[in-house]
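As C-alpha cells, the structure follows; a few thoughts come after it.
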Amino acid sequence: MKQGHPGLPERRRPRVAVVIGSGGLKCAAALGVLKVLQREGIGIDMAIGCSGGSFFATAIALGADDMDEVAGRFARGWSGTFGRIGYRTMLSALFPRLFGFGHRFALLDDRKVNAAIEAFTRQLTFADTRIPLHLAATDYASGEKVVLSHGKLADAIRASIAIPLVLPPWPVEGRLLFDGGASNPVPVDVATREGCDIVIAMGFEEPVDGQVQSAMQLARRAISITVNHFIRSQYALYSLTHHAEVIPILPVFERRIGLRDLSELPYIMALGERAAEAEIPYLRRLLAAGMTAMDREPGRAP
C-alpha cells in the first residue's frame, strides 16, 4: 500500500450520504438528483429516507441504476393506491360506540398500499441492500424518533409513510410506528451519527397560497409557513452543530403536488435535477479537498 508523506495525516475519500426528507410524491425529485450524481460519477455511500422519501431511498440503496425505470415502476405500482376510502374507519369516527374507534383510524383503506410495497420490496431485508440504508419513523405511543436499519424493508417503508389521518400506523418489533416526518422531516442527524462527511439533504417546502378565500386555505397557509420555517431551522441547526458538510437540496415547486399526481413525475424529477446541478460545483470542491484521518475517524459520529 502506498504510504503518505511522513508526518502528514493520510487522506481518504469523504463518505457521502443522501437524505430524502418527507414530502409525499415530491420525494421523487430524489431520482432527478441521482441522475445528476450518476452523470457526474459521484458515488453514494449511504441512503436515508423519511416518510415519502423512504421508498426512493430504498430504491437507491438496492442499487437502482436507471432512475427513469424506477419512476415508471413506481407509477405503475402506485396507480390507484391512494384512491380507496376506508369507509369502516370513517364510520368509526362518526359512530365510535357502534363501530369502535382507535389507532387504526385512517381516511384510506391501506390494502392496496401494502400490496404495492410488498411488490416493490419482494420480501427483501436491510441486509440485501448494496449500501447502508436507514429509514426514519415515529413512535405512536411516545412520539420519539425511531430509526429502522434492520428487518423487512416492507415493514420499514410502511411504517415511515403512515401519514397521520391518511394511513394507519404500522407495527414493527412490538412498537406501533407512523410517519417519520412527524418527528424529523429531514433526518440529517442519522447520516452524521453514522460518520458521513458530506450529506446531500433533500427537503421540501410547501407553496404558500397567495390569496386566501376560505377557512381551509387559511389553515393550509398557516401550516405551510410553519413547516417551511421548521425545515429551514433544521438545516441551520445541522450546519452549526455537526462536523459534516450539509448540502441542502430544496426543489422549488410552482404548484401543489398531491399523492395521486403520478402524471407529474417527469416534472418532479426535472426539478430535482435542476436543484442538484446548482450544487455540483460546491460538491466537487468538497470531494477534491477530501478528508484527513485527523478530521474524524471513519464510522465515528461527531
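By convention in this document, the chains of the C-alpha cells carry letters A, B, ... by their order, each chain's residues are numbered from 1, and ligands are numbered from 1 in the order they are shown.
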
Would you list the contacts of Ile161 (chain A) as a count of residues only, taking every protein, DNA or RNA residue within 12 Å and counting only C-alpha atoms, but skipping same-chain residues closer than 5 positions in sequence?
38

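For the atom pair formed by CA of Gly290 (chain A) and CA of Glu194 (chain A), the distance is 17.9 Å, given to one decimal.
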
Determine the nearest neighbour of Gly77 (chain A) from the options A:Ala141, A:Ser149, A:Leu262, A:Gln123, counting only C-alpha atoms.
A:Leu262

Which of region 136-214 of chain A DSSP labels helix (DSSP H, G or I), written as a VMD selection string:
chain A and resid 153 to 160 180 to 182 188 to 193

Just to be explicit: take each residue in the selection above, keep C-alpha atoms, and write the result as a short mmCIF file (atom, residue, chain, number, x, y, z; two decimals), in the first residue's frame.
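Saved the output as out38.cif:
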```
data_model
loop_
_atom_site.label_atom_id
_atom_site.label_comp_id
_atom_site.auth_asym_id
_atom_site.auth_seq_id
_atom_site.Cartn_x
_atom_site.Cartn_y
_atom_site.Cartn_z
CA LEU A 153 -37.91 -3.39 4.05
CA ALA A 154 -41.68 -3.57 3.53
CA ASP A 155 -42.37 -3.06 7.24
CA ALA A 156 -39.95 -0.14 7.50
CA ILE A 157 -41.34 1.67 4.45
CA ARG A 158 -44.93 1.11 5.51
CA ALA A 159 -44.22 2.48 8.99
CA SER A 160 -42.36 5.53 7.67
CA GLY A 180 -41.15 9.76 10.14
CA GLY A 181 -41.81 13.35 9.14
CA ALA A 182 -43.72 13.91 12.38
CA VAL A 188 -29.64 14.56 8.57
CA ASP A 189 -28.61 13.62 12.10
CA VAL A 190 -28.80 9.93 11.15
CA ALA A 191 -26.11 10.47 8.49
CA THR A 192 -23.84 12.40 10.85
CA ARG A 193 -24.30 9.79 13.56
#
```

Step one, run DSSP on the backbone; step two, keep only residues of region 40-85 of chain A assigned to strand (DSSP E or B); then write them as a PDB file with C-alpha atoms, in the first residue's frame.
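Saved to part.pdb:
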```pdb
ATOM      1  CA  MET A  46     -25.440   5.644   2.401  1.00  0.00           C
ATOM      2  CA  ALA A  47     -29.144   6.331   1.818  1.00  0.00           C
ATOM      3  CA  ILE A  48     -31.534   7.676   4.446  1.00  0.00           C
ATOM      4  CA  GLY A  49     -35.266   8.149   3.931  1.00  0.00           C
ATOM      5  CA  CYS A  50     -38.185   9.584   5.799  1.00  0.00           C
ATOM      6  CA  ILE A  85     -61.515   5.250   1.043  1.00  0.00           C
TER       7      ILE A  85
END
```

Shortest contact to Leu176 (chain A), candidates A:Phe204, A:Phe120, A:Phe253, A:Tyr140, atoms counted only C-alpha atoms, goes to A:Tyr140

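With distances restricted to only C-alpha atoms, A:Ala115 is the closest residue to Ser79 (chain A) from A:Asp66, A:Ala115, A:Arg256, A:Arg15.
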